[in-house]
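> Have a look at this one.
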Amino acid sequence: MLRTTTCGALSINNLGETVILCGWVQKSRDLGGMTFIDIRDRYGITQLVFNMDDNTELCQTARSLGREFVIKASGTVVERSNKNLKMPTGEIEIKITGLEILNSSKIPPFMIDDETDGGDDLRMKYRYLDLRRNPVRNNMVLRHRMAQSVRRYLDGLDFIEVETPVLIKSTPEGARDFVVPSRMNAGEFYALPQSPQTFKQLLMVSGFDRYFQIVKCFRDEDLRADRQPEFTQIDCEMSFVEQEDILNTFEGLIRTLFKEVKHFDLPEVPRMQYADAMRWYGSDKPDTRFEMRFTELNEQVKGHNFPVFDQAELILGISAKGCAHYTRKQMDELTDFVKRPQIGATGLIYARHQEDGSIKSSVDKFYSEDVLKTWAEALDSQPGDLLLLMAGTTDKVRKQMSELRLEMGTRLGLRKKDVFSALWVLDFPLLEWDEETERYHAMHHPFTSPKPEDIALLDTDPGAVRANAYDMVVNGTEIGGGSIRIHDRSLQALMFKHLGFSTEEAQKQFGFLMDAFEFGAPPHGGIAFGFDRLCSIFAELDSIRDVIAFPKNNSGRDVMIDSPSTIDDKQLKELKIASTL
């Protein structure tokens, strides 16, 4: 080894020891007769001291060092006269007797500091430098610790880690596939897996009983803060289980992660029906760090000659605690917020529950104070609260009010990143109608089992069929989802029929799985957690990019290596592909 210890290991207990350190120059300070260098590695920072009177040549060499030079320094551990108790090595420094420059460095394009002056684009271009920064590296360490904790927990429950193929068959359901041309099979293509779904089911048919994998998945979809074209799942499957077994097993995993990594005792995770989540929060992934549930107000507001309410299918209200003092400017800001194209509301009705108990609204022309008091009673508001109402068709107004609720939660400081609230959402619809294609699609995926008591409804009322499916939500983010699977060929064929597959199409796409079901497939179910999302929540970050070592930007590009890129004509010819661009 070039070094005897690391830059974060030494303390007052090492006084007098001769040591060798290797690392990068963090900063230097020339004080005339003495020069101080901070040397950094992944473990910490140690101060080196050079004295012109002791060794002029060494001191001159130290003065020539620039930021990010890689050096090897040997010397003796001595006590610092000006101690820095904020850092682990702040009581000591190294009196240098030998110095070797292992590599020089150009001036970095941004400061390699916790608080850098580099913008996102610049840091992504030089990601290998960004990864030297403590906050980014700490995210990678956190990710590593979480992965190890997952493996320990699942190994302790007899799960087997099995790798599944990366080059698979393209399927038409879900997001767009990334496709890979096959040179040996001209005109044919592999797809990169959106998930190992069918393979983990086949492993259950194979008798593996308990499988898991921390696995890369790929989806060619539009990107945002919590999406990347390649992402990582904790993928799991179990045989001979019911929904309750899955929920208990993987609630245990999440609680173990919080305990081991965040040192936080996550309470028992409550459960909520999908229908209740939509009725109370307008979302299948509600943020339960705060309440502010919806109240349906049709009975209180209709029939008073106010067309916006009288013509609406549903009127919803929320009570924002302590916000009756909001100014006209603040109310205009909220109105503009809900009118944004991505939300799409036409307006916002409000009423102030004054400190004296009176109520003043933006629609006093249509509603007496006695009627307004019925709004307050329904919303359980108190003097000082602000009532916010929205109206429209059921699905749209729920989504719009959901966005307003989250905005108010943010404004009121109710969505703290260091507060954690988990929730199971259960009994999703099996199918959802798509207006564009005019057919039903699987809300989760085609292999999700319907509730046994709802199977008869597949032929009469497909939209009413509930899935044996469940999602785990933490702080308003879906971190995992799964289901009990179909393990019977006839039921799987019926599912494909209701998804619009012909018998021939179903056999072509998924015949291998249905054939496997004829060889003694056990009842099975599983779940997949979004590992990147989970890591970003644990790191208290908004974007999953910050917990991925080499992420893509919002255009799906890796600006560091300039990918994707064109390939030369020779490669295209070998693949028998012609570009039309």
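Residues are referred to by chain and number: the chain letter is A, B, ... according to the order shown in the structure tokens, the number counts from 1 in that chain, and ligands are numbered separately from 1 in the order shown.
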Identify, on the basis of only C-alpha atoms, every residue whose closest approach to Thr256 (chain A) does not exceed 10 Å; exclude the query and any residue fewer than 2 positions from it along the same chain; express the result as a list of chain:residue names.
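Contacts, with the query itself left out: A:Met146, A:Ser149, A:Val150, A:Tyr153, A:Phe250, A:Glu251, A:Gly252, A:Leu253, A:Ile254, A:Phe258, A:Lys259, A:Glu260, A:Val261, A:Lys262, A:His263, A:Phe264, A:Asp265, A:Leu266.
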> I need the residues in region 222-324 of chain A that are helix (DSSP H, G or I) according to DSSP; give them as a ChimeraX atom specification.
/A:243-262,274-281,298-301,307-310
> Would you output that residue set with N, CA and C atoms, as a short mmCIF file (atom, residue, chain, number, x, y, z; two decimals), in the first residue's frame?

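Below you can see result_35.cif, which holds the result:
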data_model
loop_
_atom_site.label_atom_id
_atom_site.label_comp_id
_atom_site.auth_asym_id
_atom_site.auth_seq_id
_atom_site.Cartn_x
_atom_site.Cartn_y
_atom_site.Cartn_z
N GLN A 243 -51.77 -12.19 0.15
CA GLN A 243 -51.40 -10.77 0.22
C GLN A 243 -50.84 -10.40 1.59
N GLU A 244 -51.45 -10.90 2.65
CA GLU A 244 -51.02 -10.54 4.00
C GLU A 244 -49.57 -10.93 4.25
N ASP A 245 -49.15 -12.07 3.69
CA ASP A 245 -47.76 -12.51 3.86
C ASP A 245 -46.79 -11.54 3.19
N ILE A 246 -47.15 -11.08 2.00
CA ILE A 246 -46.30 -10.12 1.27
C ILE A 246 -46.20 -8.82 2.06
N LEU A 247 -47.34 -8.31 2.51
CA LEU A 247 -47.33 -7.03 3.22
C LEU A 247 -46.48 -7.11 4.49
N ASN A 248 -46.62 -8.17 5.24
CA ASN A 248 -45.85 -8.30 6.48
C ASN A 248 -44.36 -8.45 6.21
N THR A 249 -44.00 -9.24 5.22
CA THR A 249 -42.59 -9.48 4.90
C THR A 249 -41.89 -8.20 4.48
N PHE A 250 -42.55 -7.42 3.61
CA PHE A 250 -41.85 -6.27 3.04
C PHE A 250 -42.07 -4.98 3.82
N GLU A 251 -43.08 -4.96 4.66
CA GLU A 251 -43.12 -3.89 5.66
C GLU A 251 -41.94 -4.08 6.61
N GLY A 252 -41.63 -5.34 6.91
CA GLY A 252 -40.47 -5.63 7.74
C GLY A 252 -39.18 -5.15 7.10
N LEU A 253 -39.07 -5.30 5.78
CA LEU A 253 -37.87 -4.83 5.07
C LEU A 253 -37.73 -3.32 5.20
N ILE A 254 -38.81 -2.59 4.95
CA ILE A 254 -38.75 -1.12 5.00
C ILE A 254 -38.45 -0.64 6.42
N ARG A 255 -39.06 -1.26 7.39
CA ARG A 255 -38.81 -0.84 8.77
C ARG A 255 -37.37 -1.16 9.18
N THR A 256 -36.82 -2.26 8.67
CA THR A 256 -35.43 -2.59 8.94
C THR A 256 -34.50 -1.57 8.31
N LEU A 257 -34.79 -1.15 7.08
CA LEU A 257 -33.96 -0.13 6.42
C LEU A 257 -33.97 1.17 7.22
N PHE A 258 -35.14 1.60 7.64
CA PHE A 258 -35.22 2.83 8.43
C PHE A 258 -34.42 2.69 9.73
N LYS A 259 -34.51 1.53 10.35
CA LYS A 259 -33.82 1.32 11.62
C LYS A 259 -32.30 1.30 11.43
N GLU A 260 -31.84 0.53 10.45
CA GLU A 260 -30.40 0.33 10.29
C GLU A 260 -29.70 1.52 9.62
N VAL A 261 -30.40 2.19 8.69
CA VAL A 261 -29.75 3.24 7.91
C VAL A 261 -30.06 4.63 8.45
N LYS A 262 -31.32 4.88 8.84
CA LYS A 262 -31.72 6.20 9.33
C LYS A 262 -31.80 6.25 10.85
N TYR A 274 -57.67 1.94 -1.96
CA TYR A 274 -57.48 2.84 -3.10
C TYR A 274 -58.64 3.83 -3.22
N ALA A 275 -59.86 3.32 -3.06
CA ALA A 275 -61.05 4.19 -3.20
C ALA A 275 -61.03 5.30 -2.15
N ASP A 276 -60.60 4.99 -0.93
CA ASP A 276 -60.53 6.01 0.12
C ASP A 276 -59.41 7.01 -0.17
N ALA A 277 -58.28 6.51 -0.66
CA ALA A 277 -57.18 7.41 -0.99
C ALA A 277 -57.61 8.44 -2.03
N MET A 278 -58.36 7.99 -3.03
CA MET A 278 -58.82 8.91 -4.07
C MET A 278 -59.88 9.87 -3.52
N ARG A 279 -60.75 9.37 -2.64
CA ARG A 279 -61.82 10.22 -2.11
C ARG A 279 -61.27 11.26 -1.13
N TRP A 280 -60.28 10.88 -0.32
CA TRP A 280 -59.78 11.79 0.72
C TRP A 280 -58.60 12.65 0.26
N TYR A 281 -57.82 12.12 -0.69
CA TYR A 281 -56.60 12.82 -1.08
C TYR A 281 -56.47 13.06 -2.59
N ASN A 298 -71.07 18.84 -1.98
CA ASN A 298 -72.22 19.00 -2.89
C ASN A 298 -73.47 19.42 -2.14
N GLU A 299 -73.72 18.77 -1.00
CA GLU A 299 -74.96 19.03 -0.25
C GLU A 299 -74.98 20.46 0.30
N GLN A 300 -73.83 20.98 0.67
CA GLN A 300 -73.78 22.31 1.29
C GLN A 300 -73.80 23.45 0.27
N VAL A 301 -73.33 23.20 -0.95
CA VAL A 301 -73.13 24.34 -1.86
C VAL A 301 -74.06 24.38 -3.06
N PRO A 307 -73.67 29.10 -10.64
CA PRO A 307 -73.54 28.12 -11.73
C PRO A 307 -72.32 27.21 -11.61
N VAL A 308 -71.19 27.73 -11.17
CA VAL A 308 -69.96 26.93 -11.09
C VAL A 308 -70.19 25.69 -10.22
N PHE A 309 -70.93 25.87 -9.11
CA PHE A 309 -71.19 24.74 -8.23
C PHE A 309 -72.40 23.93 -8.70
N ASP A 310 -73.44 24.61 -9.13
CA ASP A 310 -74.66 23.91 -9.52
C ASP A 310 -74.43 22.97 -10.70
#
> Name the residues of region 411-569 of chain A that come out as strand (DSSP E or B) in a backbone DSSP run; write them as a compact mmCIF listing (two decimals) with N, CA and C atoms, in the first residue's frame.

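states_14.txt, written as the output of this step:
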# COMPACT_ATOMS: atom_id res chain seq x y z
N ALA A 422 -45.28 6.44 6.18
CA ALA A 422 -45.48 5.37 5.21
C ALA A 422 -46.94 4.92 5.21
N LEU A 423 -47.35 4.31 4.10
CA LEU A 423 -48.74 3.90 3.93
C LEU A 423 -48.81 2.76 2.92
N TRP A 424 -49.63 1.75 3.21
CA TRP A 424 -50.00 0.75 2.20
C TRP A 424 -51.30 1.20 1.54
N VAL A 425 -51.33 1.22 0.23
CA VAL A 425 -52.58 1.45 -0.52
C VAL A 425 -52.97 0.13 -1.16
N LEU A 426 -54.21 -0.31 -0.89
CA LEU A 426 -54.65 -1.65 -1.28
C LEU A 426 -55.86 -1.59 -2.23
N PRO A 429 -58.07 -0.80 -8.74
CA PRO A 429 -58.81 -1.39 -9.86
C PRO A 429 -57.87 -2.28 -10.68
N LEU A 431 -58.31 -2.95 -13.91
CA LEU A 431 -58.23 -2.38 -15.26
C LEU A 431 -58.59 -0.91 -15.24
N GLU A 432 -58.05 -0.17 -16.19
CA GLU A 432 -58.47 1.22 -16.37
C GLU A 432 -58.71 1.47 -17.86
N TRP A 433 -59.77 2.25 -18.13
CA TRP A 433 -60.18 2.51 -19.51
C TRP A 433 -59.31 3.61 -20.12
N ASP A 434 -58.86 3.38 -21.33
CA ASP A 434 -58.05 4.36 -22.05
C ASP A 434 -58.88 4.92 -23.20
N ARG A 439 -59.94 0.96 -25.10
CA ARG A 439 -59.91 -0.38 -24.51
C ARG A 439 -59.35 -0.30 -23.11
N TYR A 440 -59.52 -1.39 -22.39
CA TYR A 440 -58.98 -1.44 -21.03
C TYR A 440 -57.48 -1.77 -21.07
N HIS A 441 -56.76 -1.18 -20.11
CA HIS A 441 -55.36 -1.52 -19.89
C HIS A 441 -55.20 -1.98 -18.44
N ALA A 442 -54.20 -2.80 -18.20
CA ALA A 442 -53.91 -3.23 -16.83
C ALA A 442 -53.36 -2.05 -16.05
N THR A 448 -51.38 -9.47 -12.98
CA THR A 448 -51.96 -9.22 -11.67
C THR A 448 -53.26 -9.99 -11.52
N PRO A 450 -56.98 -10.78 -10.24
CA PRO A 450 -58.14 -10.10 -9.68
C PRO A 450 -58.52 -10.70 -8.34
N ARG A 466 -61.60 -5.44 -8.79
CA ARG A 466 -60.47 -5.01 -7.96
C ARG A 466 -59.30 -5.98 -8.14
N ALA A 467 -58.10 -5.42 -8.08
CA ALA A 467 -56.89 -6.23 -8.21
C ALA A 467 -56.41 -6.66 -6.84
N ALA A 469 -53.75 -6.23 -5.52
CA ALA A 469 -52.54 -5.43 -5.69
C ALA A 469 -52.37 -4.45 -4.54
N TYR A 470 -51.13 -3.99 -4.36
CA TYR A 470 -50.81 -3.13 -3.23
C TYR A 470 -49.60 -2.28 -3.60
N ASP A 471 -49.60 -1.06 -3.10
CA ASP A 471 -48.45 -0.16 -3.26
C ASP A 471 -48.01 0.31 -1.88
N MET A 472 -46.71 0.52 -1.71
CA MET A 472 -46.24 1.21 -0.52
C MET A 472 -45.85 2.63 -0.90
N VAL A 473 -46.32 3.57 -0.09
CA VAL A 473 -46.09 4.99 -0.32
C VAL A 473 -45.34 5.56 0.89
N VAL A 474 -44.31 6.35 0.63
CA VAL A 474 -43.61 7.07 1.70
C VAL A 474 -43.54 8.54 1.31
N THR A 477 -44.68 9.54 -2.17
CA THR A 477 -43.99 8.92 -3.30
C THR A 477 -44.22 7.42 -3.26
N GLU A 478 -44.63 6.87 -4.39
CA GLU A 478 -44.77 5.42 -4.48
C GLU A 478 -43.37 4.82 -4.53
N ILE A 479 -43.01 4.04 -3.52
CA ILE A 479 -41.67 3.44 -3.51
C ILE A 479 -41.71 1.97 -3.86
N GLY A 480 -42.89 1.37 -3.89
CA GLY A 480 -42.96 -0.05 -4.22
C GLY A 480 -44.37 -0.46 -4.57
N GLY A 481 -44.48 -1.46 -5.40
CA GLY A 481 -45.80 -1.97 -5.76
C GLY A 481 -45.71 -3.41 -6.18
N GLY A 482 -46.80 -4.13 -5.95
CA GLY A 482 -46.81 -5.53 -6.35
C GLY A 482 -48.20 -6.09 -6.31
N SER A 483 -48.28 -7.40 -6.42
CA SER A 483 -49.58 -8.05 -6.47
C SER A 483 -49.43 -9.55 -6.27
N ILE A 484 -50.53 -10.18 -5.96
CA ILE A 484 -50.64 -11.63 -6.11
C ILE A 484 -50.82 -11.87 -7.60
N ARG A 485 -50.10 -12.85 -8.15
CA ARG A 485 -50.09 -13.06 -9.59
C ARG A 485 -51.12 -14.10 -10.01
N HIS A 524 -48.44 -17.55 -6.24
CA HIS A 524 -47.27 -16.72 -5.93
C HIS A 524 -47.61 -15.24 -6.03
N GLY A 525 -46.76 -14.44 -5.46
CA GLY A 525 -46.94 -12.99 -5.51
C GLY A 525 -45.64 -12.31 -5.14
N GLY A 526 -45.60 -11.03 -5.37
CA GLY A 526 -44.35 -10.32 -5.08
C GLY A 526 -44.51 -8.82 -5.07
N ILE A 527 -43.37 -8.16 -5.10
CA ILE A 527 -43.34 -6.71 -5.03
C ILE A 527 -42.02 -6.24 -5.61
N ALA A 528 -41.99 -5.02 -6.11
CA ALA A 528 -40.74 -4.40 -6.55
C ALA A 528 -40.68 -3.00 -5.96
N PHE A 529 -39.56 -2.68 -5.34
CA PHE A 529 -39.35 -1.34 -4.79
C PHE A 529 -38.44 -0.55 -5.73
N GLY A 530 -38.77 0.70 -5.93
CA GLY A 530 -37.90 1.60 -6.68
C GLY A 530 -36.72 1.98 -5.79
N ASP A 558 -26.27 11.27 -21.34
CA ASP A 558 -25.13 11.31 -20.43
C ASP A 558 -24.16 12.30 -21.04
N SER A 563 -23.47 10.49 -24.65
CA SER A 563 -24.29 9.35 -25.06
C SER A 563 -25.76 9.70 -24.87
> Need the shell around region 511-519 of chain A: protein/DNA/RNA residues with any atom at most 9 Å away, counting only C-alpha atoms. Skip same-chain ones fewer than 5 positions apart. Format as a ChimeraX atom specification?
/A:198-199,201-202,205,487-490,492-493,505-506
> Which residues, written as a list of chain:residue names, have at least one atom at most 7 Å from Val162 (chain A), with only C-alpha atoms counted and residues fewer than 3 positions away on the same chain left out?
A:Tyr211, A:Phe212, A:Gln213
> If we count only C-alpha atoms and set the cut-off at 9 Å, which residues sit around Glu93 (chain A), ignoring sequence neighbours fewer than 4 positions away in its own chain? Please answer as a list in words.
Leu10, Ser11, Thr46, Gln47, Leu48, Val49, Thr76, Val77, Val78, Glu79, Arg80 and Thr89 of chain A
